Amino acid sequence: MPFMLTVPRTHVRIQILRERGGEKTTQVHNNSFLLIRLETTCTDRGVDARNRDTTMSASVTNDYDVLIIGSGVSGIDAAYYMNEHCPSHTYAILERRASLGGTWDFFKYPGIRSDSDMYTFGFSWKIWKSAKPIAPAEDILQYLDEAAREQGILKRIQFNIDIRRAEWSSLTQRWKLTTATGQIYSCKMLFGCTGYYSYEKPHRPHFRGEENFKGLIVHPQDWKKEHNSQVAKKHVAVIGSGATAVTLIPNLAQTASHVTMVQRSPTYILARPEEDAMTQTINNWLPEYFAVQLNRWRHIIMQRLMFEYCTRYPEGAKKTILSGMYKQLKGAMSQDEFDKHFTPKYNPWEQRLCLSPGGDFFKVFRENKGSIVTGSVKQFTSDGILMEDGDVVQADVIISATGLNMQHNFPFSTMDVVIDGEKYVPSAKFVYKGVMLSDVPNFAFIVGYTNASWTLKADIASLFFTKLVNYMAKNNKGIVCPRVPTGVKPSDGDIWSLKSGYVLRAGAHMPKQGNQEPWIQYHNYFVDATKLWFGGIEDASLEFGPCIMNKGLSSRL
Ligand SMILES: Cc1cc2nc3c(=O)[nH]c(=O)nc-3n(C[C@H](O)[C@H](O)[C@H](O)COP(=O)(O)OP(=O)(O)OC[C@H]3O[C@@H](n4cnc5c(N)ncnc54)[C@H](O)[C@@H]3O)c2cc1C
Ligand SMILES: NC(=O)c1ccc[n+]([C@@H]2O[C@H](COP(=O)([O-])OP(=O)(O)OC[C@H]3O[C@@H](n4cnc5c(N)ncnc54)[C@H](OP(=O)(O)O)[C@@H]3O)[C@@H](O)[C@H]2O)c1
C-alpha cells in the first residue's frame with residue numbers, strides 16, 4: 001500500500017510519538033491529527049473485523065467496533081439502529097447500574113411519570129399503543145424491557161460496568177475505557193447515551209436553620225421506598241414548582257394530611273385528559289399499523305405547533321394557558337391569589353411547560369388537600385419553614401424538589417476523558433449537528449429535545465451514527481473528527497434552548513453551539529430529520545483519517 005498522508009490543517013506542529021516496524025504514527029498538538037502510514041491492509045470492513053478479532057483475542061477480549069454507554073431510552077434506541085443498520089459490526093452496551101431504563105429506573109418518588117405523550121416519547125420502531133398518553137415510570141420501564149428483549153438488545157447489555165475513564169488515542173484509533181474495577185474495554189467508535197443530569201448529586205441548596213428542623217428532609221432524587229410511609233398522615237412541604245413538584249404534590253396529597261407547595265416562582269401547568277379521545281377513535285377505526293403511525297405523527301405535529309404558537313405569540317399563549325389554569329381551579333382561589341401563585345415571570349417555553357394529567361395538580365387545591373405559598377424561604381424552624389414575608393409553613397416532612405444538577409463532564413457523565421493526552425474540557429467544545437463534538441474523534445452522543453420528546457432526537461441521532469459507522473467502514477476510514485473552521489463564533493444561546501435553573505447553573509461548563517451551520521443545536525425534529533436522516537455524511541467540517549492496521553493493537557492499548 002502506498003504511503004498515505006492526512007494533513008487536515010495547515011500550521012501544524014508535529015511530534016513523533018512512536019516508530020515501530022514499518023509504521024510511524026505522529027500526532028499534532030493543535031488538537032488536530034496527522035497520520036503517516038507506510039503499510040496497511042485495511043481496505044474492507046469485513047476483512048478488517050476478521051483480522052482484528054483474531055489478533056485482538058489473544059490479549060484484549062473486550063474490543064468492539066462500537067461501545068454504547070448507558071442503557072436508558074437512548075442506549076436502547078442506539079442499539080436498535082446498530083442491529084438494523086450495522087449488523088456486521090460488533091457492539092455492546094455498558095451500563096453501570098444493575099438494570100436498564102436509566103431515568104425511569106432511577107427515580108422512585110411517588111407518581112414519577114412522563115410529561116411527554118408516549119406516542120412520541122416511545123420509539124418509532126415500537127409505537128406506544130395505549131390510549132393513555134402519559135405513563136407512569138413502571139409502565140415505561142416495562143415497555144423498555146419489552147423493547148430490549150424483542151430486539152435482542154438485552155443480551156448486549158453488560159450491567160454493573162461503571163466506566164470511570166475514557167482515553168482516545170489517534171495512535172491506536174481506539175477508545176480505551178477503564179471501569180471502576182480496573183477492567184479495560186476498547187472500541188473504534190464510542191456512542192455516549194449517558195443522559196444529561198448527575199445521578200450522583202442533585203441540586204439541593206442549603207437552607208438556613210436546617211439543622212433545627214425536627215422532621216425528615218428529603219430530595220426526590222434520594223427517595224427510597226420507606227419514605228412513602230413517612231409522609232402518610234403528615235404535614236408535608238414541597239419546595240419547588242418544577243415538573244418534580246407538580247408530579248409529587250397530587251400523589252402526596254392522597255396519603256398526607258396536608259401538602260404545601262412552597263414556590264419561589266410560579267410555573268405554567270397544562271391540564272390534559274388522562275385518555276386521548278381522538279387516539280382512541282383512530283385506534284378503533286383504522287388498522288393497527290395506520291392507527292399507531294397516525295397517532296404518533298399527529299402528536300409530533302401538535303407538539304411542534306404548540307411550541308411555535310408559544311414562542312411566536314407569547315402574549316396570546318400566556319393568556320390561553322393562564323385562563324385554562326384558572327378554569328381548572330374552579331373558584332378555589334380569588335383572582336388576586338391566582339395572579340400571585342400562578343403567573344410565571346417568563347413566557348411559555350422559555351422554561352419547560354409542566355403537564356397535569358386529568359388536572360390532578362389543580363384538584364389538590366380544589367379539594368383543599370393542599371395550599372400554595374409563593375415567596376423566598378427565610379429559614380427552616382424546628383417545625384417548618386419561615387418565609388421572608390413572615391408566613392409560616394407548618395411541616396413534619398420537607399421535600400426539597402429543587403431540581404437536578406447537569407453532568408459535570410457533559411456528555412461523558414462521570415468519566416475522566418483524555419484525548420491524545422489532553423484532558424477533555426466540555427466548555428472548550430462546539431456541538432456538531434447536535435450529535436458530535438469538535439476535536440473529539442470517533443465519538444457521538446445523544447441528547448434529546450427539551451421542547452419535545454427526547455426520543456425523537458435519539459432516533460435520528462442513532463440513525464446518523466450508524467450511517468457514519470457504515471461510511472467509515474466502506475471508505476476505509478479509521479478516524480472521524482469534527483473541526484471548527486475559522487469564523488465560527490459561539491452563539492448567544494446555550495445548547496438547551498431553555499432558561500430553567502438547572503440549565504443556567506450549568507451554562508459555563510457546557511459545550512457551546514456555534515453561530516452557523518453545522519454547529520447550531522436545533523430543537524426541531526423536522527430540521528434535524530432533514531439534516532441527520534436524509535443528509536449525507538461528507539461535510540467540510542468533518543475530518544476523516546485513514547484506517548490503520550490493527551496488528552499489534554493490543555500491546556499499544
Ligand atoms: C424525572 C424525569 C422525568 C422526565 N420525563 C421526561 C419526559 O416525559 N419526556 C422527555 O422527553 N424527557 C423526560 N425527561 C428527560 C429524560 O431524562 C429523557 O427523556 C430520557 O429518559 C433520557 O434517556 P437517556 O437514555 O438519554 O438517559 P438516562 O435515562 O439518564 O440514562 C443514562 C444511562 O447511562 C448510564 N451511565 C451514565 N454514565 C455511565 C458510566 N460512566 N458508565 C456506565 N453507564 C453510565 C446511567 O446509569 C443510565 O442508565 C425526564 C427526566 C427526569 C429526570
Ligand atoms: N416527566 C415529568 O413529569 C418530570 C418530572 C420531574 C422532572 N422532570 C424533568 O426533570 C428536570 C428537572 O425538573 P425539576 O422539577 O426536578 O427541577 P426544576 O425544573 O429545575 O425546578 C426546580 C424548582 O426548585 C426551585 N428552587 C431551586 N432552588 C431553590 C431555592 N434555593 N429556594 C427555593 N426554591 C428553589 C426552583 O425555583 P425557580 O423556578 O424560582 O428557580 C424550581 O421551582 C426537568 O427537565 C424536568 O422536565 C420531568
# chains A, B, ... in the order shown; residues from 1 in each chain; ligands from 1
>>> residues_around(residues="Ser130 (chain A)", least_positions_apart="5", cutoff="12 Å", atoms="only C-alpha atoms", output="list of chain:residue names")
A:Asp117, A:Met118, A:Tyr119, A:Gly122, A:Ala135, A:Asp139, A:Ile140, A:Tyr143, A:Glu274, A:Glu275, A:Asp276, A:Ala277, A:Thr279, A:Gln280, A:Thr281, A:Ile282, A:Asn283, A:Asn284, A:Glu288, A:Ala291, A:Val292, A:Asn295, A:Arg296
>>> write_last_selection(atoms="N, CA and C atoms", output="PDB file, in the first residue's frame")
ATOM      1  N   ASP A 117     -46.105  13.079  25.737  1.00  0.00           N
ATOM      2  CA  ASP A 117     -47.008  11.993  25.351  1.00  0.00           C
ATOM      3  C   ASP A 117     -46.157  10.811  24.913  1.00  0.00           C
ATOM      4  N   MET A 118     -46.630   9.619  25.239  1.00  0.00           N
ATOM      5  CA  MET A 118     -45.838   8.419  24.970  1.00  0.00           C
ATOM      6  C   MET A 118     -45.815   8.040  23.482  1.00  0.00           C
ATOM      7  N   TYR A 119     -46.690   8.645  22.673  1.00  0.00           N
ATOM      8  CA  TYR A 119     -46.668   8.329  21.233  1.00  0.00           C
ATOM      9  C   TYR A 119     -45.382   8.861  20.609  1.00  0.00           C
ATOM     10  N   GLY A 122     -42.234   7.225  23.042  1.00  0.00           N
ATOM     11  CA  GLY A 122     -41.934   5.835  22.684  1.00  0.00           C
ATOM     12  C   GLY A 122     -41.102   5.811  21.406  1.00  0.00           C
ATOM     13  N   ALA A 135     -47.581   8.144  30.884  1.00  0.00           N
ATOM     14  CA  ALA A 135     -47.411   6.830  31.518  1.00  0.00           C
ATOM     15  C   ALA A 135     -46.579   6.928  32.783  1.00  0.00           C
ATOM     16  N   ASP A 139     -44.666   1.607  33.868  1.00  0.00           N
ATOM     17  CA  ASP A 139     -45.118   1.207  32.524  1.00  0.00           C
ATOM     18  C   ASP A 139     -44.027   1.488  31.487  1.00  0.00           C
ATOM     19  N   ILE A 140     -43.328   2.604  31.690  1.00  0.00           N
ATOM     20  CA  ILE A 140     -42.253   2.949  30.737  1.00  0.00           C
ATOM     21  C   ILE A 140     -41.138   1.911  30.839  1.00  0.00           C
ATOM     22  N   TYR A 143     -42.136  -1.239  29.157  1.00  0.00           N
ATOM     23  CA  TYR A 143     -42.070  -1.026  27.706  1.00  0.00           C
ATOM     24  C   TYR A 143     -40.616  -1.123  27.210  1.00  0.00           C
ATOM     25  N   GLU A 274     -56.611  12.404  30.789  1.00  0.00           N
ATOM     26  CA  GLU A 274     -55.810  11.191  31.018  1.00  0.00           C
ATOM     27  C   GLU A 274     -55.854  10.264  29.817  1.00  0.00           C
ATOM     28  N   GLU A 275     -57.020  10.255  29.155  1.00  0.00           N
ATOM     29  CA  GLU A 275     -57.150   9.435  27.943  1.00  0.00           C
ATOM     30  C   GLU A 275     -57.355  10.360  26.763  1.00  0.00           C
ATOM     31  N   ASP A 276     -56.753  10.031  25.631  1.00  0.00           N
ATOM     32  CA  ASP A 276     -56.869  10.876  24.463  1.00  0.00           C
ATOM     33  C   ASP A 276     -57.986  10.324  23.567  1.00  0.00           C
ATOM     34  N   ALA A 277     -59.102  11.071  23.516  1.00  0.00           N
ATOM     35  CA  ALA A 277     -60.291  10.567  22.823  1.00  0.00           C
ATOM     36  C   ALA A 277     -60.018  10.336  21.337  1.00  0.00           C
ATOM     37  N   THR A 279     -57.199   9.666  19.866  1.00  0.00           N
ATOM     38  CA  THR A 279     -56.345   8.477  19.705  1.00  0.00           C
ATOM     39  C   THR A 279     -57.209   7.218  19.770  1.00  0.00           C
ATOM     40  N   GLN A 280     -58.113   7.216  20.730  1.00  0.00           N
ATOM     41  CA  GLN A 280     -58.994   6.066  20.907  1.00  0.00           C
ATOM     42  C   GLN A 280     -59.830   5.838  19.646  1.00  0.00           C
ATOM     43  N   THR A 281     -60.394   6.941  19.106  1.00  0.00           N
ATOM     44  CA  THR A 281     -61.219   6.827  17.895  1.00  0.00           C
ATOM     45  C   THR A 281     -60.383   6.271  16.745  1.00  0.00           C
ATOM     46  N   ILE A 282     -59.183   6.833  16.588  1.00  0.00           N
ATOM     47  CA  ILE A 282     -58.315   6.367  15.488  1.00  0.00           C
ATOM     48  C   ILE A 282     -57.993   4.886  15.682  1.00  0.00           C
ATOM     49  N   ASN A 283     -57.697   4.495  16.919  1.00  0.00           N
ATOM     50  CA  ASN A 283     -57.395   3.082  17.209  1.00  0.00           C
ATOM     51  C   ASN A 283     -58.574   2.181  16.865  1.00  0.00           C
ATOM     52  N   ASN A 284     -59.787   2.687  17.123  1.00  0.00           N
ATOM     53  CA  ASN A 284     -60.978   1.870  16.878  1.00  0.00           C
ATOM     54  C   ASN A 284     -61.293   1.722  15.399  1.00  0.00           C
ATOM     55  N   GLU A 288     -54.297  -1.391  12.758  1.00  0.00           N
ATOM     56  CA  GLU A 288     -53.338  -1.004  13.797  1.00  0.00           C
ATOM     57  C   GLU A 288     -52.129  -0.240  13.242  1.00  0.00           C
ATOM     58  N   ALA A 291     -53.088   3.236  12.405  1.00  0.00           N
ATOM     59  CA  ALA A 291     -53.537   3.956  13.602  1.00  0.00           C
ATOM     60  C   ALA A 291     -52.343   4.447  14.417  1.00  0.00           C
ATOM     61  N   VAL A 292     -51.372   3.564  14.682  1.00  0.00           N
ATOM     62  CA  VAL A 292     -50.253   3.984  15.544  1.00  0.00           C
ATOM     63  C   VAL A 292     -49.390   5.037  14.847  1.00  0.00           C
ATOM     64  N   ASN A 295     -51.339   8.340  14.979  1.00  0.00           N
ATOM     65  CA  ASN A 295     -51.309   8.921  16.330  1.00  0.00           C
ATOM     66  C   ASN A 295     -49.962   9.545  16.627  1.00  0.00           C
ATOM     67  N   ARG A 296     -48.909   8.866  16.242  1.00  0.00           N
ATOM     68  CA  ARG A 296     -47.568   9.396  16.506  1.00  0.00           C
ATOM     69  C   ARG A 296     -47.358  10.716  15.756  1.00  0.00           C
TER      70      ARG A 296
END
>>> residues_near_ligand(ligand="ligand 1", cutoff="7 Å", atoms="only C-alpha atoms and all ligand atoms", output="PyMOL selection string")
chain A and resi 69-75+94-97+100-104+107+112-116+121+161-164+193-197+244+412-415+446-450+452-455
>>> atom_distance(atom1="CA of Asp416 (chain A)", atom2="CA of Arg483 (chain A)")
21.9 Å
>>> residues_around(residues="Cys481 (chain A)", least_positions_apart="4", cutoff="7 Å", atoms="only C-alpha atoms", output="number ranges by chain")
A: 438-442, 542-544
>>> select_by_dssp(residues="region 107-342 of chain A", states="helix (DSSP H, G or I)", output="ChimeraX atom specification")
/A:118-121,137-150,154-156,210-212,220-222,225-231,243-253,277-285,288-312,314-329,335-342
>>> residues_near_ligand(ligand="ligand 2", cutoff="7 Å", atoms="only C-alpha atoms and all ligand atoms", output="list in words")
Ile112, Arg113, Ser114, Asp115, Ser116, Pro205, Ile239, Gly240, Ser241, Gly242, Ala243, Thr244, Ala245, Thr247, Gln263, Arg264, Ser265, Pro266, Arg352, Leu355, Ser376, Val377, Ala401, Thr402, Gly403, Leu404, Ser500, Gly501 and Tyr502 of chain A
>>> closest_residue(among="A:Tyr80, A:Trp496, A:Phe191, A:Phe106", to="Pro220 (chain A)", atoms="only C-alpha atoms")
A:Phe106
>>> atom_distance(atom1="CA of Val262 (chain A)", atom2="CA of Val393 (chain A)")
8.3 Å
>>> residues_around(residues="Thr311 (chain A)", least_positions_apart="4", cutoff="9 Å", atoms="only C-alpha atoms", output="short mmCIF file (atom, residue, chain, number, x, y, z; two decimals) with all heavy atoms, in the first residue's frame")
data_model
loop_
_atom_site.label_atom_id
_atom_site.label_comp_id
_atom_site.auth_asym_id
_atom_site.auth_seq_id
_atom_site.Cartn_x
_atom_site.Cartn_y
_atom_site.Cartn_z
N MET A 306 -47.76 23.74 18.94
CA MET A 306 -47.93 24.35 20.26
C MET A 306 -46.68 25.17 20.61
O MET A 306 -46.76 26.31 21.09
CB MET A 306 -48.15 23.23 21.30
CG MET A 306 -48.19 23.70 22.73
SD MET A 306 -49.71 24.63 23.04
CE MET A 306 -49.49 25.06 24.76
N PHE A 307 -45.50 24.58 20.33
CA PHE A 307 -44.25 25.28 20.63
C PHE A 307 -44.14 26.55 19.78
O PHE A 307 -43.77 27.62 20.27
CB PHE A 307 -43.06 24.35 20.39
CG PHE A 307 -41.74 25.01 20.62
CD1 PHE A 307 -41.27 25.19 21.91
CD2 PHE A 307 -40.97 25.48 19.56
CE1 PHE A 307 -40.05 25.84 22.14
CE2 PHE A 307 -39.76 26.12 19.78
CZ PHE A 307 -39.30 26.29 21.07
N ALA A 317 -50.35 33.10 23.90
CA ALA A 317 -50.16 31.77 24.51
C ALA A 317 -50.30 31.87 26.03
O ALA A 317 -50.94 31.03 26.67
CB ALA A 317 -48.80 31.22 24.14
N ASN A 347 -42.04 33.72 29.68
CA ASN A 347 -43.02 33.34 28.65
C ASN A 347 -43.05 31.82 28.49
O ASN A 347 -42.05 31.16 28.76
CB ASN A 347 -42.64 33.98 27.31
CG ASN A 347 -42.90 35.47 27.31
OD1 ASN A 347 -43.84 35.95 27.97
ND2 ASN A 347 -42.05 36.22 26.62
N PRO A 348 -44.20 31.30 28.01
CA PRO A 348 -44.29 29.85 27.84
C PRO A 348 -43.15 29.32 26.97
O PRO A 348 -42.82 29.92 25.95
CB PRO A 348 -45.64 29.66 27.13
CG PRO A 348 -46.42 30.88 27.45
CD PRO A 348 -45.45 31.99 27.62
N TRP A 349 -42.55 28.25 27.39
CA TRP A 349 -41.45 27.53 26.74
C TRP A 349 -40.09 28.19 26.89
O TRP A 349 -39.10 27.68 26.36
CB TRP A 349 -41.73 27.20 25.27
CG TRP A 349 -42.50 25.93 25.15
CD1 TRP A 349 -43.72 25.77 24.58
CD2 TRP A 349 -42.12 24.63 25.64
NE1 TRP A 349 -44.14 24.46 24.70
CE2 TRP A 349 -43.17 23.74 25.34
CE3 TRP A 349 -41.00 24.13 26.32
CZ2 TRP A 349 -43.14 22.39 25.68
CZ3 TRP A 349 -40.98 22.80 26.66
CH2 TRP A 349 -42.03 21.94 26.34
N GLU A 350 -40.03 29.35 27.62
CA GLU A 350 -38.67 29.82 27.96
C GLU A 350 -38.11 28.86 29.00
O GLU A 350 -36.91 28.63 29.10
CB GLU A 350 -38.72 31.24 28.53
CG GLU A 350 -38.81 32.28 27.43
CD GLU A 350 -38.95 33.69 27.97
OE1 GLU A 350 -38.78 33.92 29.19
OE2 GLU A 350 -39.23 34.56 27.14
#
>>> select_by_dssp(residues="region 260-476 of chain A", states="strand (DSSP E)", output="MDAnalysis selection string")
chainID A and resid 260:263 269:272 354:357 370:374 377:381 384:387 392:394 397:400 416:419 422:423 431:432 436:437 443:445
>>> closest_residue(among="A:Val364, A:Leu177, A:Ala332, A:Met472", to="Ala253 (chain A)", atoms="only C-alpha atoms")
A:Val364
>>> atom_distance(atom1="CA of Ile321 (chain A)", atom2="CA of Pro273 (chain A)")
15.0 Å
>>> residues_around(residues="Ala529 (chain A)", least_positions_apart="3", cutoff="10 Å", atoms="only C-alpha atoms", output="PDB file with all heavy atoms, in the first residue's frame")
ATOM      1  N   LEU A 456     -37.421  11.487  20.089  1.00  0.00           N
ATOM      2  CA  LEU A 456     -37.466  11.878  18.676  1.00  0.00           C
ATOM      3  C   LEU A 456     -36.048  12.146  18.185  1.00  0.00           C
ATOM      4  O   LEU A 456     -35.649  11.727  17.095  1.00  0.00           O
ATOM      5  CB  LEU A 456     -38.325  13.134  18.497  1.00  0.00           C
ATOM      6  CG  LEU A 456     -39.828  12.985  18.762  1.00  0.00           C
ATOM      7  CD1 LEU A 456     -40.520  14.337  18.640  1.00  0.00           C
ATOM      8  CD2 LEU A 456     -40.444  11.986  17.800  1.00  0.00           C
ATOM      9  N   LYS A 457     -35.283  12.843  19.019  1.00  0.00           N
ATOM     10  CA  LYS A 457     -33.899  13.145  18.633  1.00  0.00           C
ATOM     11  C   LYS A 457     -33.032  11.891  18.742  1.00  0.00           C
ATOM     12  O   LYS A 457     -32.130  11.673  17.904  1.00  0.00           O
ATOM     13  CB  LYS A 457     -33.349  14.258  19.528  1.00  0.00           C
ATOM     14  CG  LYS A 457     -31.898  14.628  19.286  1.00  0.00           C
ATOM     15  CD  LYS A 457     -31.678  15.305  17.933  1.00  0.00           C
ATOM     16  CE  LYS A 457     -30.215  15.669  17.709  1.00  0.00           C
ATOM     17  NZ  LYS A 457     -29.724  16.718  18.555  1.00  0.00           N
ATOM     18  N   ASP A 459     -33.756   8.917  18.094  1.00  0.00           N
ATOM     19  CA  ASP A 459     -33.972   8.136  16.875  1.00  0.00           C
ATOM     20  C   ASP A 459     -33.100   8.623  15.716  1.00  0.00           C
ATOM     21  O   ASP A 459     -32.396   7.839  15.095  1.00  0.00           O
ATOM     22  CB  ASP A 459     -35.439   8.305  16.428  1.00  0.00           C
ATOM     23  CG  ASP A 459     -36.300   7.127  16.834  1.00  0.00           C
ATOM     24  OD1 ASP A 459     -35.783   6.150  17.372  1.00  0.00           O
ATOM     25  OD2 ASP A 459     -37.520   7.218  16.599  1.00  0.00           O
ATOM     26  N   ILE A 460     -33.139   9.941  15.465  1.00  0.00           N
ATOM     27  CA  ILE A 460     -32.401  10.422  14.290  1.00  0.00           C
ATOM     28  C   ILE A 460     -30.904  10.506  14.565  1.00  0.00           C
ATOM     29  O   ILE A 460     -30.104  10.308  13.661  1.00  0.00           O
ATOM     30  CB  ILE A 460     -32.956  11.737  13.699  1.00  0.00           C
ATOM     31  CG1 ILE A 460     -33.337  12.714  14.786  1.00  0.00           C
ATOM     32  CG2 ILE A 460     -34.105  11.492  12.773  1.00  0.00           C
ATOM     33  CD1 ILE A 460     -33.944  13.987  14.248  1.00  0.00           C
ATOM     34  N   ALA A 461     -30.537  10.748  15.827  1.00  0.00           N
ATOM     35  CA  ALA A 461     -29.102  10.759  16.169  1.00  0.00           C
ATOM     36  C   ALA A 461     -28.536   9.350  15.977  1.00  0.00           C
ATOM     37  O   ALA A 461     -27.421   9.176  15.472  1.00  0.00           O
ATOM     38  CB  ALA A 461     -28.903  11.217  17.609  1.00  0.00           C
ATOM     39  N   LEU A 463     -29.650   7.025  13.960  1.00  0.00           N
ATOM     40  CA  LEU A 463     -29.580   6.714  12.534  1.00  0.00           C
ATOM     41  C   LEU A 463     -28.339   7.375  11.918  1.00  0.00           C
ATOM     42  O   LEU A 463     -27.599   6.760  11.147  1.00  0.00           O
ATOM     43  CB  LEU A 463     -30.847   7.196  11.820  1.00  0.00           C
ATOM     44  CG  LEU A 463     -30.878   6.810  10.350  1.00  0.00           C
ATOM     45  CD1 LEU A 463     -31.067   5.318  10.180  1.00  0.00           C
ATOM     46  CD2 LEU A 463     -31.990   7.546   9.619  1.00  0.00           C
ATOM     47  N   PHE A 464     -28.094   8.633  12.295  1.00  0.00           N
ATOM     48  CA  PHE A 464     -26.912   9.340  11.794  1.00  0.00           C
ATOM     49  C   PHE A 464     -25.644   8.581  12.190  1.00  0.00           C
ATOM     50  O   PHE A 464     -24.733   8.389  11.378  1.00  0.00           O
ATOM     51  CB  PHE A 464     -26.873  10.764  12.366  1.00  0.00           C
ATOM     52  CG  PHE A 464     -25.623  11.518  11.996  1.00  0.00           C
ATOM     53  CD1 PHE A 464     -25.522  12.157  10.771  1.00  0.00           C
ATOM     54  CD2 PHE A 464     -24.541  11.565  12.863  1.00  0.00           C
ATOM     55  CE1 PHE A 464     -24.361  12.838  10.417  1.00  0.00           C
ATOM     56  CE2 PHE A 464     -23.387  12.241  12.525  1.00  0.00           C
ATOM     57  CZ  PHE A 464     -23.293  12.879  11.297  1.00  0.00           C
ATOM     58  N   ASN A 524     -35.565  21.067  16.920  1.00  0.00           N
ATOM     59  CA  ASN A 524     -36.633  20.979  15.937  1.00  0.00           C
ATOM     60  C   ASN A 524     -36.493  19.665  15.166  1.00  0.00           C
ATOM     61  O   ASN A 524     -35.539  19.474  14.404  1.00  0.00           O
ATOM     62  CB  ASN A 524     -36.535  22.182  14.990  1.00  0.00           C
ATOM     63  CG  ASN A 524     -37.689  22.245  14.023  1.00  0.00           C
ATOM     64  OD1 ASN A 524     -38.237  21.224  13.607  1.00  0.00           O
ATOM     65  ND2 ASN A 524     -38.069  23.450  13.646  1.00  0.00           N
ATOM     66  N   TYR A 525     -37.422  18.776  15.415  1.00  0.00           N
ATOM     67  CA  TYR A 525     -37.366  17.439  14.816  1.00  0.00           C
ATOM     68  C   TYR A 525     -37.332  17.506  13.294  1.00  0.00           C
ATOM     69  O   TYR A 525     -36.609  16.749  12.642  1.00  0.00           O
ATOM     70  CB  TYR A 525     -38.598  16.656  15.291  1.00  0.00           C
ATOM     71  CG  TYR A 525     -38.712  15.263  14.744  1.00  0.00           C
ATOM     72  CD1 TYR A 525     -37.789  14.281  15.086  1.00  0.00           C
ATOM     73  CD2 TYR A 525     -39.768  14.904  13.902  1.00  0.00           C
ATOM     74  CE1 TYR A 525     -37.897  12.985  14.603  1.00  0.00           C
ATOM     75  CE2 TYR A 525     -39.889  13.613  13.415  1.00  0.00           C
ATOM     76  CZ  TYR A 525     -38.950  12.663  13.765  1.00  0.00           C
ATOM     77  OH  TYR A 525     -39.067  11.384  13.289  1.00  0.00           O
ATOM     78  N   PHE A 526     -38.098  18.440  12.725  1.00  0.00           N
ATOM     79  CA  PHE A 526     -38.208  18.491  11.264  1.00  0.00           C
ATOM     80  C   PHE A 526     -36.890  18.943  10.630  1.00  0.00           C
ATOM     81  O   PHE A 526     -36.452  18.395   9.622  1.00  0.00           O
ATOM     82  CB  PHE A 526     -39.376  19.408  10.857  1.00  0.00           C
ATOM     83  CG  PHE A 526     -40.690  18.872  11.356  1.00  0.00           C
ATOM     84  CD1 PHE A 526     -41.254  19.343  12.527  1.00  0.00           C
ATOM     85  CD2 PHE A 526     -41.340  17.855  10.678  1.00  0.00           C
ATOM     86  CE1 PHE A 526     -42.450  18.828  13.004  1.00  0.00           C
ATOM     87  CE2 PHE A 526     -42.536  17.317  11.146  1.00  0.00           C
ATOM     88  CZ  PHE A 526     -43.092  17.807  12.313  1.00  0.00           C
ATOM     89  N   LEU A 532     -30.015  15.074   9.516  1.00  0.00           N
ATOM     90  CA  LEU A 532     -29.373  13.856  10.021  1.00  0.00           C
ATOM     91  C   LEU A 532     -29.912  12.594   9.355  1.00  0.00           C
ATOM     92  O   LEU A 532     -29.200  11.634   9.142  1.00  0.00           O
ATOM     93  CB  LEU A 532     -29.566  13.738  11.537  1.00  0.00           C
ATOM     94  CG  LEU A 532     -28.937  14.848  12.368  1.00  0.00           C
ATOM     95  CD1 LEU A 532     -29.337  14.730  13.829  1.00  0.00           C
ATOM     96  CD2 LEU A 532     -27.425  14.831  12.253  1.00  0.00           C
ATOM     97  N   TRP A 533     -31.175  12.619   9.051  1.00  0.00           N
ATOM     98  CA  TRP A 533     -31.811  11.435   8.480  1.00  0.00           C
ATOM     99  C   TRP A 533     -31.531  11.364   6.977  1.00  0.00           C
ATOM    100  O   TRP A 533     -30.996  10.401   6.462  1.00  0.00           O
ATOM    101  CB  TRP A 533     -33.315  11.513   8.743  1.00  0.00           C
ATOM    102  CG  TRP A 533     -34.027  10.215   8.727  1.00  0.00           C
ATOM    103  CD1 TRP A 533     -33.773   9.151   7.891  1.00  0.00           C
ATOM    104  CD2 TRP A 533     -35.094   9.822   9.593  1.00  0.00           C
ATOM    105  NE1 TRP A 533     -34.629   8.134   8.186  1.00  0.00           N
ATOM    106  CE2 TRP A 533     -35.452   8.503   9.216  1.00  0.00           C
ATOM    107  CE3 TRP A 533     -35.801  10.436  10.615  1.00  0.00           C
ATOM    108  CZ2 TRP A 533     -36.482   7.806   9.837  1.00  0.00           C
ATOM    109  CZ3 TRP A 533     -36.819   9.745  11.231  1.00  0.00           C
ATOM    110  CH2 TRP A 533     -37.149   8.445  10.859  1.00  0.00           C
ATOM    111  N   PHE A 534     -31.891  12.470   6.313  1.00  0.00           N
ATOM    112  CA  PHE A 534     -31.798  12.452   4.849  1.00  0.00           C
ATOM    113  C   PHE A 534     -30.457  12.979   4.336  1.00  0.00           C
ATOM    114  O   PHE A 534     -30.078  12.709   3.215  1.00  0.00           O
ATOM    115  CB  PHE A 534     -32.954  13.255   4.239  1.00  0.00           C
ATOM    116  CG  PHE A 534     -34.302  12.731   4.660  1.00  0.00           C
ATOM    117  CD1 PHE A 534     -35.149  13.473   5.480  1.00  0.00           C
ATOM    118  CD2 PHE A 534     -34.717  11.460   4.274  1.00  0.00           C
ATOM    119  CE1 PHE A 534     -36.381  12.982   5.884  1.00  0.00           C
ATOM    120  CE2 PHE A 534     -35.950  10.953   4.679  1.00  0.00           C
ATOM    121  CZ  PHE A 534     -36.784  11.717   5.485  1.00  0.00           C
ATOM    122  N   GLY A 535     -29.753  13.751   5.177  1.00  0.00           N
ATOM    123  CA  GLY A 535     -28.492  14.348   4.731  1.00  0.00           C
ATOM    124  C   GLY A 535     -27.385  13.309   4.634  1.00  0.00           C
ATOM    125  O   GLY A 535     -27.468  12.237   5.234  1.00  0.00           O
TER     126      GLY A 535
END
>>> residues_around(residues="Asp63 (chain A)", least_positions_apart="3", cutoff="6 Å", atoms="only C-alpha atoms", output="JSON, numbers by chain")
{"A": [185, 186, 187]}
